Amino acid sequence: MPMLSLRSIISGQPGTVLWTLWTIIASILAAIFFKSAYFDSPRPSPPIQDQIPEHSTPRLTMAVAALQYLTVPAATRHTATVFFVHGLGDTGQGWKPVADMFRADPALAHVKWVLPHSFDIYSFGFDTAEDEEGMRTSAGLIKDLIKFEIEKNGIPANRILLGGFSQGGTMSLLAGLTGEFKLAGLTVLSGWLPLRSKFKDMASPNAISTPIFWGHGSADPLVKAQFSKDSADFLTEQLGVPLAKPGQSGGLSYNVYEGMGHTTIPKELDELKTFIKSVLPANTN
């Protein structure tokens, strides 16, 4: 389409002139609106990440600063924290919808969620040797993150729950059962116990008394159901973790979901929510 000169606009027919002038005015108004909408509107906020307190030790400060994580704040006064670690190839953002859903429950409105983003683990031992160094490093970072939460916000260890999906559940077992703090509980979804040949020597005295919720799918094609069951049996038979009793908090609650693959389902999430409520009840004072 040939460009219109000012002379051609002036010498044209009245209808053409008015149409052309209206087109120019509309274009100018659209450009102004676009500039205002795009450049002047608030930019999306980056993921919330806690600020590092001045009193933290330099080593702990550096360790936590190196680990990126998403924070979903408590809906009411913050009195408990859940750390939930994602599976391989995911990020903390992948479990934010679950955190948001649980947070909307009035019985869990006091809970803050911390969702770490990634860990460098190249092998979990399915087909090759386990990446022991990577696992120990990742577990150390999780422990630092928990210690940071205790020092920064004054949330005691018995008001902190650690859990995760797949590799996140595996790292939660490693960090939670070998750490210095006795946590409120652990949750393992579609995970397994790592470093089994060394785990008994690594376990802390708190391991046998830490409540554990473990969920696994009978049709999991990646982490086979038997592999998961063998891991759970190791906890009860080798470490002495008692099986949970109905209506009581404590011990290992091992749950198999028929037909579930390497994923989660509403029933598992409902039972997970019930477990979290039992170990992190809202303060009544």
# chains A, B, ... in the order shown; residues from 1 in each chain; ligands from 1
>>> residues_around(residues="A:Pro106", least_positions_apart="2", cutoff="12 Å", atoms="only C-alpha atoms", output="PDB file with N, CA, C and O atoms, in the first residue's frame")
ATOM      1  N   ALA A  74       2.367 -17.173  55.695  1.00  0.00           N
ATOM      2  CA  ALA A  74       1.186 -17.613  56.434  1.00  0.00           C
ATOM      3  C   ALA A  74       0.059 -16.601  56.244  1.00  0.00           C
ATOM      4  O   ALA A  74       0.298 -15.398  56.115  1.00  0.00           O
ATOM      5  N   ALA A  75      -1.182 -17.093  56.243  1.00  0.00           N
ATOM      6  CA  ALA A  75      -2.331 -16.210  56.071  1.00  0.00           C
ATOM      7  C   ALA A  75      -2.642 -15.442  57.350  1.00  0.00           C
ATOM      8  O   ALA A  75      -3.207 -14.345  57.309  1.00  0.00           O
ATOM      9  N   THR A  76      -2.264 -16.009  58.486  1.00  0.00           N
ATOM     10  CA  THR A  76      -2.453 -15.348  59.778  1.00  0.00           C
ATOM     11  C   THR A  76      -1.086 -15.260  60.461  1.00  0.00           C
ATOM     12  O   THR A  76      -0.066 -15.307  59.794  1.00  0.00           O
ATOM     13  N   ARG A  77      -1.081 -15.116  61.774  1.00  0.00           N
ATOM     14  CA  ARG A  77       0.202 -15.011  62.484  1.00  0.00           C
ATOM     15  C   ARG A  77       1.039 -16.273  62.269  1.00  0.00           C
ATOM     16  O   ARG A  77       0.581 -17.387  62.483  1.00  0.00           O
ATOM     17  N   ASP A 100      -0.761 -23.056  48.315  1.00  0.00           N
ATOM     18  CA  ASP A 100      -1.859 -22.091  48.344  1.00  0.00           C
ATOM     19  C   ASP A 100      -3.162 -22.752  48.795  1.00  0.00           C
ATOM     20  O   ASP A 100      -3.938 -22.160  49.557  1.00  0.00           O
ATOM     21  N   MET A 101      -3.392 -23.978  48.317  1.00  0.00           N
ATOM     22  CA  MET A 101      -4.611 -24.686  48.690  1.00  0.00           C
ATOM     23  C   MET A 101      -4.629 -25.015  50.176  1.00  0.00           C
ATOM     24  O   MET A 101      -5.642 -24.806  50.864  1.00  0.00           O
ATOM     25  N   PHE A 102      -3.512 -25.505  50.704  1.00  0.00           N
ATOM     26  CA  PHE A 102      -3.437 -25.825  52.122  1.00  0.00           C
ATOM     27  C   PHE A 102      -3.528 -24.562  52.970  1.00  0.00           C
ATOM     28  O   PHE A 102      -4.137 -24.552  54.039  1.00  0.00           O
ATOM     29  N   ARG A 103      -2.914 -23.499  52.506  1.00  0.00           N
ATOM     30  CA  ARG A 103      -2.900 -22.229  53.239  1.00  0.00           C
ATOM     31  C   ARG A 103      -4.310 -21.677  53.404  1.00  0.00           C
ATOM     32  O   ARG A 103      -4.609 -20.976  54.384  1.00  0.00           O
ATOM     33  N   ALA A 104      -5.195 -21.986  52.442  1.00  0.00           N
ATOM     34  CA  ALA A 104      -6.565 -21.484  52.501  1.00  0.00           C
ATOM     35  C   ALA A 104      -7.402 -22.178  53.571  1.00  0.00           C
ATOM     36  O   ALA A 104      -8.469 -21.683  53.935  1.00  0.00           O
ATOM     37  N   LEU A 108      -4.725 -24.351  58.819  1.00  0.00           N
ATOM     38  CA  LEU A 108      -3.318 -24.272  58.417  1.00  0.00           C
ATOM     39  C   LEU A 108      -2.924 -22.844  58.035  1.00  0.00           C
ATOM     40  O   LEU A 108      -1.863 -22.643  57.435  1.00  0.00           O
ATOM     41  N   ALA A 109      -3.753 -21.873  58.375  1.00  0.00           N
ATOM     42  CA  ALA A 109      -3.473 -20.486  57.997  1.00  0.00           C
ATOM     43  C   ALA A 109      -2.242 -19.927  58.690  1.00  0.00           C
ATOM     44  O   ALA A 109      -1.669 -18.929  58.245  1.00  0.00           O
ATOM     45  N   HIS A 110      -1.809 -20.563  59.777  1.00  0.00           N
ATOM     46  CA  HIS A 110      -0.643 -20.095  60.538  1.00  0.00           C
ATOM     47  C   HIS A 110       0.675 -20.613  59.976  1.00  0.00           C
ATOM     48  O   HIS A 110       1.745 -20.284  60.500  1.00  0.00           O
ATOM     49  N   VAL A 111       0.609 -21.418  58.926  1.00  0.00           N
ATOM     50  CA  VAL A 111       1.801 -22.088  58.393  1.00  0.00           C
ATOM     51  C   VAL A 111       2.388 -21.313  57.216  1.00  0.00           C
ATOM     52  O   VAL A 111       1.674 -20.958  56.269  1.00  0.00           O
ATOM     53  N   LYS A 273      -2.701 -33.418  54.264  1.00  0.00           N
ATOM     54  CA  LYS A 273      -3.188 -32.246  54.990  1.00  0.00           C
ATOM     55  C   LYS A 273      -3.580 -32.613  56.422  1.00  0.00           C
ATOM     56  O   LYS A 273      -3.266 -31.892  57.371  1.00  0.00           O
ATOM     57  N   LYS A 277      -1.887 -31.094  59.865  1.00  0.00           N
ATOM     58  CA  LYS A 277      -2.690 -30.517  60.937  1.00  0.00           C
ATOM     59  C   LYS A 277      -2.394 -31.159  62.293  1.00  0.00           C
ATOM     60  O   LYS A 277      -2.406 -30.499  63.336  1.00  0.00           O
ATOM     61  N   PRO A 281      -0.422 -28.179  64.781  1.00  0.00           N
ATOM     62  CA  PRO A 281      -1.721 -27.574  65.102  1.00  0.00           C
ATOM     63  C   PRO A 281      -1.585 -26.083  65.339  1.00  0.00           C
ATOM     64  O   PRO A 281      -0.519 -25.584  65.709  1.00  0.00           O
ATOM     65  N   ALA A 282      -2.669 -25.373  65.086  1.00  0.00           N
ATOM     66  CA  ALA A 282      -2.680 -23.932  65.335  1.00  0.00           C
ATOM     67  C   ALA A 282      -2.537 -23.671  66.826  1.00  0.00           C
ATOM     68  O   ALA A 282      -3.102 -24.405  67.654  1.00  0.00           O
TER      69      ALA A 282
END
>>> closest_atom_pairs(of="stretch 64-143 of chain A", to="stretch 163-171 of chain A", cutoff="7 Å", atoms="only C-alpha atoms", output="CSV")
residue,atom,partner,partner_atom,distance
A:Phe83,CA,A:Gly163,CA,6.2
A:Phe84,CA,A:Gly163,CA,4.8
A:Val85,CA,A:Gly164,CA,4.3
A:His86,CA,A:Gly168,CA,5.0
A:Gly87,CA,A:Ser166,CA,5.0
A:Leu88,CA,A:Gln167,CA,6.1
A:Ala139,CA,A:Met171,CA,6.0
>>> residues_around(residues="A:His216", least_positions_apart="2", cutoff="7 Å", atoms="only C-alpha atoms", output="MDAnalysis selection string")
chainID A and resid 189:190 214 218 225 255:257
>>> select_by_dssp(residues="stretch 89-229 of chain A", states="alpha helix (DSSP H)", output="PyMOL selection string")
chain A and resi 96-103+132-153+167-178+196-202+225-229
>>> atom_distance(atom1="atom CA of A:Ser249", atom2="atom CA of A:Leu195")
27.1 Å
>>> select_by_dssp(residues="stretch 61-239 of chain A", states="strand (DSSP E)", output="number ranges by chain")
A: 69-72, 80-85, 111-116, 160-165, 185-189, 212-217
>>> residues_around(residues="A:Val223", least_positions_apart="4", cutoff="9 Å", atoms="only C-alpha atoms", output="list of chain:residue names")
A:Phe126, A:Ser166, A:Ser190, A:Gly191, A:Trp192, A:His216, A:Gly217, A:Phe227, A:Ser228, A:His262
>>> closest_residue(among="A:Lys112, A:His117, A:Lys229, A:Lys267", to="A:Ala99", atoms="only C-alpha atoms")
A:Lys112
>>> closest_atom_pairs(of="stretch 78-180 of chain A", to="stretch 196-203 of chain A", cutoff="10 Å", atoms="only C-alpha atoms", output="JSON lines")
{"residue": "A:Leu173", "atom": "CA", "partner": "A:Ala203", "partner_atom": "CA", "distance": 9.8}
{"residue": "A:Leu174", "atom": "CA", "partner": "A:Phe199", "partner_atom": "CA", "distance": 8.2}
{"residue": "A:Ala175", "atom": "CA", "partner": "A:Ala203", "partner_atom": "CA", "distance": 9.5}
{"residue": "A:Gly176", "atom": "CA", "partner": "A:Ala203", "partner_atom": "CA", "distance": 9.1}
{"residue": "A:Leu177", "atom": "CA", "partner": "A:Ala203", "partner_atom": "CA", "distance": 5.6}
{"residue": "A:Thr178", "atom": "CA", "partner": "A:Ala203", "partner_atom": "CA", "distance": 4.5}
{"residue": "A:Gly179", "atom": "CA", "partner": "A:Ala203", "partner_atom": "CA", "distance": 7.9}
{"residue": "A:Glu180", "atom": "CA", "partner": "A:Ala203", "partner_atom": "CA", "distance": 9.9}
>>> closest_residue(among="A:Asn153, A:Ser278, A:Thr264, A:Gln68", to="A:Ala219", atoms="only C-alpha atoms")
A:Thr264
>>> closest_residue(among="A:Lys182, A:Val241, A:Thr187, A:Ile160", to="A:Glu271", atoms="only C-alpha atoms")
A:Thr187
>>> atom_distance(atom1="atom CA of A:Val279", atom2="atom CA of A:Ile146")
16.8 Å
>>> closest_residue(among="A:Glu130, A:Asp270, A:Glu149, A:Asp105", to="A:Ala80", atoms="only C-alpha atoms")
A:Glu149
>>> closest_residue(among="A:Thr236, A:Ser204, A:Gln248, A:Ser253", to="A:Leu186", atoms="only C-alpha atoms")
A:Ser253
>>> closest_residue(among="A:Gly259, A:Leu272, A:Val72, A:Phe213", to="A:Leu243", atoms="only C-alpha atoms")
A:Phe213
